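S.K.: Structure below; questions to follow.
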Protein chains: 2
Amino acid sequence: HMRVTRALRPIFLVDCRYCGAVRRNLRQIFQSLPPFIDILLLLLFFMVIFAILGFCLFSTNISDPYFSTLENSMVSLFVLLTTANFPDVMMPSYSKNRWSCVFFIVYLSIELYFIMNLLLAVVFDTFNDVEKMKFKSLLLHKRSAIDHAFQLLVSRQRPMGVSLKQFDGLMRFYRPRMSARDRFLTYKALNTSGSPMLRAVAYVTYVLYKTRRSGEHWFDDLPHTAYIILKGINLLVKSKAFQYTMYVVVAINGVWILVETYTLDSGFSWSRLVPWNYIVFLTIYGVEVLLKISGLGPLAYFSSGWNLFDFSVTVFAFLGLIALAFNMEPFYFIVVLRPLQLLRLFKIKKRYRNVLDTMFELFPRMASLGLTLIIFYYSFAIVGMEFFANVVYPDCCKNSTVADSYKQTNVTHGNKTVLEGGYYYLNNFNNILSSFVTLFELTVVNNWYITMEGVTSMTSHWSRLYFMTFYIVTMVVMTIIVAFILDAFVFRMNYSRKNREMLDNPQDENGIVFEVEVTRDEALSTLEFYKQTCPGQSSLSSLVGVVQSEQHSPLLYQGRRSRTKCDLSMKMYEEEMQEWYFEYSRGNLPQPDQNQEPDLDSPTSNPPFVPAPQLNSHAGHYSIN
Amino acid sequence: HMRVTRALRPIFLVDCRYCGAVRRNLRQIFQSLPPFIDILLLLLFFMVIFAILGFCLFSTNISDPYFSTLENSMVSLFVLLTTANFPDVMMPSYSKNRWSCVFFIVYLSIELYFIMNLLLAVVFDTFNDVEKMKFKSLLLHKRSAIDHAFQLLVSRQRPMGVSLKQFDGLMRFYRPRMSARDRFLTYKALNTSGSPMLRAVAYVTYVLYKTRRSGEHWFDDLPHTAYIILKGINLLVKSKAFQYTMYVVVAINGVWILVETYTLDSGFSWSRLVPWNYIVFLTIYGVEVLLKISGLGPLAYFSSGWNLFDFSVTVFAFLGLIALAFNMEPFYFIVVLRPLQLLRLFKIKKRYRNVLDTMFELFPRMASLGLTLIIFYYSFAIVGMEFFANVVYPDCCKNSTVADSYKQTNVTHGNKTVLEGGYYYLNNFNNILSSFVTLFELTVVNNWYITMEGVTSMTSHWSRLYFMTFYIVTMVVMTIIVAFILDAFVFRMNYSRKNREMLDNPQDENGIVFEVEVTRDEALSTLEFYKQTCPGQSSLSSLVGVVQSEQHSPLLYQGRRSRTKCDLSMKMYEEEMQEWYFEYSRGNLPQPDQNQEPDLDSPTSNPPFVPAPQLNSHAGHYSIN
């Protein structure tokens with residue numbers, strides 16, 4: 001008996017706490033389904049019409065296996081929809097009558113170039129609309145939560161704002177590991193523009209997470225000689241000249257690798273190679289990494305994604321060198337990762353920086369889409385393993401049209417005899433890993449009909465249903481992925497067009513920056529306050545540091561937070577948001593959706609955040625009632 | 001010697017008067033190029049890195065021809081970018097080590113699923129932006145032209161408006177074949193909301209082109225008996241019951257054709273077949289067409305695209321029947337066009353109507369994009385014919401990896417012996433038609449490397465440059481086409497979301513409707529006026545008809561104009577237009593672009609039109625100064 005219910009297992013997986021994003025994706029897919037199915041019907045309708053036409057026109061040609069029966073005709077045109085059998089499907093009729101190409105050109109123009117794009121347009125449009133509605137609902141619910149939180153936090157004595165005492169209490173509960181200094185700074189950042197600001201209490205807890213005194217170096221407290229040296233290194237690694245020198249080195253390395261690889265013959269062995277240039281370049285990169293770490297301080301160095309990338313590539317290259325030195329066969333692949341260094345060259349141009357930053361911002365969402373795809377893969381893999389395990393093997397499928405792709409022959413290379421030929425028997429459903437690879441190949445679509453026909457010839461022609469269903473399901477998911485990437489990038493580009501001056505500010509490219517000025521007196525009084533409320537807490541030491549500093553001018557603190565999709569949305573829907581808030585202020589909160597998950601788009605799954613200056617500009621519009 | 005300069009001939013073709021749309025497309029392609037090239041570089045960069053990695057990892061496998069040299073490695077990965085050689089390119093290494101699939105999965109995920117979509121996003125974004133700027137510039141230039149025309153037309157006596165005399169003079173010059181009645185009605189339509197309206201003079205000339213008295217039937221003047229019969233037919237063909245009966249008939253016909261075709265065996269002959277059901281259905285369709293023509297009148301019948309479609313399919317079916325009756329072999333293909341009738345079923349659902357209407361609206365633009373593509377094809381075909389004419393033939397390319405696709409073998413079917421096997425020698429550059437088909441196959445991308453490798457093996461490996469260049473050029477054009485379709489449909493869907501109530505009005509679905517009421521007195525005075533200004537003109541008869549009608553209530557005339565992209569843009573950019581007009585009123589006319597062509601998007605190449613109600617609502621914003 002067949003145990004296909006195992007294919008439904010992922011449902012339990014999806015229903016766990018960590019799969020909120022996957023559930024969201026699935027909901028989005030289901031929301032896009034109705035228009036999708038409409039267009040799909042149009043697609044299938046044309047397919048059937050052309051199948052009938054094709055059967056009538058070409059079935060008289062006995063050397064044309066593609067249109068010999070109506071079923072074959074439909075299958076051929078379904079596969080042609082994916083272009084996988086073009087131009088082979090055309091060739092027998094084309095060789096008989098040159099004008100038969102018109103049939104195929106018309107079919108492909110209508111189906112592939114028009115309706116398939118229409119499908120993308122429809123999904124893209126639905127996607128856009130759903131995203132906007134989701135953002136609206138989320139925003140208004142957030143607003144209502146803030147109002148509620150404010151009502152709970154506000155004291156009778158100060159009905160218009162939250163005092164440090166209440167705020168500090170909240171933060172100690174909500175974020176226990178935050179230091180007293182950061183709590184105080186967060187409070188100050190929120191409080192700068194008067195009491196209404198503090199309505200955003202619940203959403204700004206991460207603002208000053210990475211608080212640091214501006215202009216502060218990690219080596220400030222070292223002895224003078226070390227300070228001078230490190231200050232010099234700091235200036236050096238921050239200089240343009242140093243950066244561009246490194247770009248030149250990377251470029252030379254790239255050309256070198258290319259030329260070196262080009263001159264290699266295919267029979268070389270890695271262990272024989274003496275990679276002296278490898279050692280030279282690696283030394284340069286190593287020195288660069290050491291200089292940067294010592295000049296910027298480890299914390300500042302590793303807070304940049306690009307530096308992390310540099311560091312890991314360099315470490316990998318070192319591991320590769322060690323592998324070479326000790327002749328460790330399985331680690332040779334590390335050696336060939338060297339060219340990844342060249343990716344650094346793309347930092348030079350702004351467009352690439354934008355693209356790669358956006359990629360980084362979108363990564364969590366992409367990962368959840370990938371996970372969704374893998375869940376579909378899993379279900380199909382289970383079904384495939386139940387029905388098709390061990391049905392294909394070398395030299396099988398002799399009576400099918402794709403027999404060549406499964407045929408094995410002995411080929412002699414020099415003095416060795418190797419089995420060669422069609423490797424398609426490897427695309428099987430024998431175990432879960434093979435199934436995944438096979439399904440990936442079906443996703444890529446090219447030559448997928450070979451796998452389908454091979455399996456079909458060994459089982460029944462109902463097997464095609466499995467492959468066609470899989471094609472349609474992946475088409476839905478892939479279209480969603482394309483629509484998502486399209487939407488995200490068009491959004492980002494519109495955004496950066498709207499705020500050109502803002503993004504030109506290099507400091508802002510890495511995220512949203514807050515600045516708080518603290519005077520000595522304020523720091524002292526806060527220290528006093530903390531000593532009263534929670535004496536003996538170790539986290540006070542960070543606050544003591546502020547007071548002990550010798551400077552008498554106010555200290556400037558900077559908080560940084562990476563920008564999330566939510567921030568972009570806030571900026572883009574600025575005008576609509578006014579309307580929505582107006583609706584909201586009249587009590588029209590959208591019905592809370594039971595299935596609505598919080599939108600955790602930011603990499604560290606911060607609670608979605610209302611940036612202070614943004615909120616500030618809106619502050620006047622809400623009445624506290 | 002090579003006569004490749006012939007490939008540049010299309011430049012002269014493009015530079016003619018009728019190719020304005022093609023020039024616009026070319027300009028759009030060039031405007032999209034800079035960001036396109038940026039992303040292309042990213043694509044090629046990853047390709048080179050992976051080529052080096054692939055060469056290092058897989059060149060030790062002697063049975064893997066895809067990565068044996070660095071050049072092979074790059075070509076393989078370029079082809080893999082188009083997925084055309086997947087999964088074959090993976091198979092040799094996959095059979096040696098199952099984990100090598102990771103290399104290909106990572107490569108395809110980055111290149112195909114990420115960067116290629118990014119490319120689409122970038123082009124789509126640029127496209128959007130360019131479209132909007134074009135519309136803005138066009139709108140403001142139109143406005144300035146209207147102002148100028150108004151200054152010329154207005155008389156000293158009436159500085160605030162244009163009199164019928166001036167307007168009539170303009171129209172007689174601008175549109176000589178328009179009847180006096182239509183000129184008068186156009187004037188009235190423009191004049192309904194006071195003098196500012198007439199500023200739009202130059203752009204509304206087509207409004208009442210298809211003017212007809214509302215409620216008027218073509219058979220009104222016939223004798224009473226005929227009138228009664230035709231009135232009955234008119235009511236019948238307009239009834240829902242008749243429509244749905246026809247849908248049911250079409251659906252039954254569809255099922256019938258499907259079942260009939262399914263039960264045919266492949267050796268049938270068309271002339272033996274007695275298609276009695278064919279005759280039955282055709283009779284029904286014929287009767288329907290006759291009823292509709294007589295009920296609605298030929299003019300009204302043929303003014304609808306759907307009716308035109310019905311009519312031509314039915315006529316084709318009749319021709320097919322005649323071909324069957326007289327055994328005319330070459331016309332059999334007409335018989336198989338029958339299933340096209342089924343397309344009518346898609347009229348039932350609103351989404352399909354929307355889609356097909358949009359398709360119709362976009363058709364001229366699509367055609368010009370197609371023409372642009374054909375011009376590229378022509379250039380490449382000429383180059384291809386110069387270099388590759390007659391290089392491939394049956395059984396050639398024996399020393400290449402794709403020899404199988406060119407091999408010919410004798411196969412016996414029953415008592416006939418036929419040459420069969422690889423038909424790829426048909427994909428050649430021997431003449432211009434074959435070249436076009438070959439280039440279309442390269443555009444579809446699947447298996448394109450077989451053609452490339454075949455030609456390469458018979459010439460030099462520099463031939464690959466031709467094929468790769470062609471791929472990149474078509475990629476640009478196809479991306480533009482996809483972006484265009486995407487843009488048009490998303491635009492249309494947004495539009496219909498914005499104006500749901502408007503599109504729900506069925507009368508408005510076919511275009512923009514104007515209504516003018518004319519009283520008998522007005523008609524009489526106008527007739528008087530025309531008799532004075534241009535006596536003896538035959539076109540007056542249409543106006544006389546108005547006066548002679550027996551009804552004394554005001555006559556209602558309806559004008560109809562099909563909706564163009566320009567109308568949609570007007571609605572969509574409503575808010576931005578206010579700003580643009582404001583800028584314009586302060587004298588900031590965008591610099592006239594020397595290369596700017598008028599945007600002839602509408603099917604009949606009407607001058608772009610400012611719809612009256614639209615203009616009306618804006619009228620208050622312009623000051624006449």
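Quick note on naming: the chains in the structure tokens go A, B, ... in the order shown, residues restart at 1 in each chain, and ligands are numbered from 1 in order of appearance.
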Give me the residues near Leu26 in chain A as a list in words, where near means some atom within 10 Å (using only C-alpha atoms) and where sequence neighbours in that chain fewer than 6 positions away do not count.
M.R.: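 Those residues are Val14, Gly20, Ser32, Leu369, Thr372, Leu373 and Val477 of chain A.
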S.K.: Go ahead and dump the residues you just picked, N, CA and C atoms, as an mmCIF file, in the first residue's frame.
M.R.:
data_model
loop_
_atom_site.group_PDB
_atom_site.id
_atom_site.type_symbol
_atom_site.label_atom_id
_atom_site.label_comp_id
_atom_site.auth_asym_id
_atom_site.auth_seq_id
_atom_site.Cartn_x
_atom_site.Cartn_y
_atom_site.Cartn_z
ATOM 1 N N VAL A 14 4.795 23.370 9.673
ATOM 2 C CA VAL A 14 4.461 24.762 9.400
ATOM 3 C C VAL A 14 3.714 25.375 10.575
ATOM 4 N N GLY A 20 6.278 31.204 11.246
ATOM 5 C CA GLY A 20 5.322 32.269 10.945
ATOM 6 C C GLY A 20 5.494 32.813 9.543
ATOM 7 N N SER A 32 -3.135 34.798 -3.955
ATOM 8 C CA SER A 32 -2.874 35.034 -5.371
ATOM 9 C C SER A 32 -3.531 33.991 -6.259
ATOM 10 N N LEU A 369 10.827 32.268 1.832
ATOM 11 C CA LEU A 369 10.249 31.787 0.570
ATOM 12 C C LEU A 369 10.916 30.484 0.141
ATOM 13 N N THR A 372 9.541 27.752 2.129
ATOM 14 C CA THR A 372 8.224 27.363 1.616
ATOM 15 C C THR A 372 8.378 26.420 0.433
ATOM 16 N N LEU A 373 9.307 26.785 -0.455
ATOM 17 C CA LEU A 373 9.550 25.944 -1.627
ATOM 18 C C LEU A 373 10.015 24.558 -1.201
ATOM 19 N N VAL A 477 4.796 29.093 -7.138
ATOM 20 C CA VAL A 477 5.759 29.564 -6.137
ATOM 21 C C VAL A 477 6.834 30.427 -6.788
#
S.K.: Just list as an NGL selection string whatever in range 118-175 of chain A DSSP marks as alpha helix (DSSP H).
M.R.: :A and (118-153 or 164-174)
S.K.: What's the separation between CA of Lys231 in chain B and CA of Tyr285 in chain B, in Å to one decimal place?
M.R.: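 These atoms are spaced 20.7 Å apart.
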S.K.: Which residue is closest to Glu386 in chain A? Choose from A:Leu486, A:Ile432, A:Val259, A:Leu296 and count only C-alpha atoms.
M.R.: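 For Glu386 in chain A, the nearest of the candidates is A:Ile432.
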S.K.: Would you kindly report the residues of chain B within 7 Å of chain A, using only C-alpha atoms, as JSON, numbers by chain?
M.R.: {"B": [49, 52, 53, 56, 57, 59, 60, 68, 69, 70, 83, 84, 86, 87, 91, 117, 118, 121, 125, 261, 262, 266, 267, 333, 336, 337, 339, 423, 441, 446, 482, 485, 486, 489, 490]}
S.K.: Need the shell around Ser294 in chain B: protein/DNA/RNA residues with any atom at most 10 Å away, counting only C-alpha atoms. Skip same-chain ones fewer than 5 positions apart. Format as a short mmCIF file (atom, residue, chain, number, x, y, z; two decimals) with N, CA, C and O atoms, in the first residue's frame?
M.R.:
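The new file out-v5.cif reads:
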data_model
loop_
_atom_site.label_atom_id
_atom_site.label_comp_id
_atom_site.auth_asym_id
_atom_site.auth_seq_id
_atom_site.Cartn_x
_atom_site.Cartn_y
_atom_site.Cartn_z
N TRP B 218 -31.11 51.16 -37.62
CA TRP B 218 -30.85 51.36 -39.05
C TRP B 218 -32.12 51.13 -39.87
O TRP B 218 -32.24 51.60 -40.99
N PHE B 219 -33.11 50.40 -39.27
CA PHE B 219 -34.29 50.04 -40.04
C PHE B 219 -35.48 50.97 -39.77
O PHE B 219 -36.60 50.68 -40.14
N ILE B 229 -40.62 43.20 -37.84
CA ILE B 229 -39.79 41.99 -37.84
C ILE B 229 -38.39 42.29 -37.34
O ILE B 229 -37.85 41.63 -36.45
N LEU B 230 -37.80 43.35 -37.90
CA LEU B 230 -36.41 43.67 -37.53
C LEU B 230 -36.31 44.12 -36.08
O LEU B 230 -35.34 43.82 -35.39
N LYS B 231 -37.34 44.82 -35.62
CA LYS B 231 -37.35 45.24 -34.22
C LYS B 231 -37.36 43.99 -33.32
O LYS B 231 -36.65 43.92 -32.30
N ILE B 233 -36.19 41.01 -34.14
CA ILE B 233 -34.86 40.41 -34.21
C ILE B 233 -33.88 41.19 -33.33
O ILE B 233 -33.07 40.62 -32.58
N ASN B 234 -33.99 42.50 -33.39
CA ASN B 234 -33.12 43.36 -32.59
C ASN B 234 -33.27 43.03 -31.10
O ASN B 234 -32.27 42.84 -30.39
N VAL B 237 -31.68 39.47 -30.43
CA VAL B 237 -30.21 39.33 -30.36
C VAL B 237 -29.63 40.12 -29.20
O VAL B 237 -28.51 39.86 -28.77
N GLU B 288 -26.88 32.84 -36.61
CA GLU B 288 -26.61 33.85 -35.58
C GLU B 288 -26.04 35.12 -36.21
O GLU B 288 -26.48 36.23 -35.90
N VAL B 289 -25.05 34.93 -37.09
CA VAL B 289 -24.42 36.09 -37.72
C VAL B 289 -25.46 36.88 -38.51
O VAL B 289 -25.54 38.11 -38.40
N TYR B 301 -22.95 46.31 -36.03
CA TYR B 301 -22.42 44.96 -35.86
C TYR B 301 -20.91 44.94 -36.00
O TYR B 301 -20.20 44.39 -35.16
#
S.K.: By how many Å are CA of Arg24 in chain B and CA of Phe360 in chain B apart?
M.R.: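 Interatomic distance here is 20.0 Å.
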S.K.: May I have the residues within 9 Å of range 460-476 of chain A as a ChimeraX atom specification, using only C-alpha atoms and disregarding those fewer than 3 positions away in the same chain?
M.R.: /A:29,32-33,36,75,78-79,123,373,376-377,380,383-384,387-388,439,442-443,445,448-449,452-453,455-457,479-481
S.K.: Kindly give the distance, in Å, that separates CA of Tyr18 in chain B and CA of Phe363 in chain B, rounded to a single decimal.
M.R.: 16.3 Å
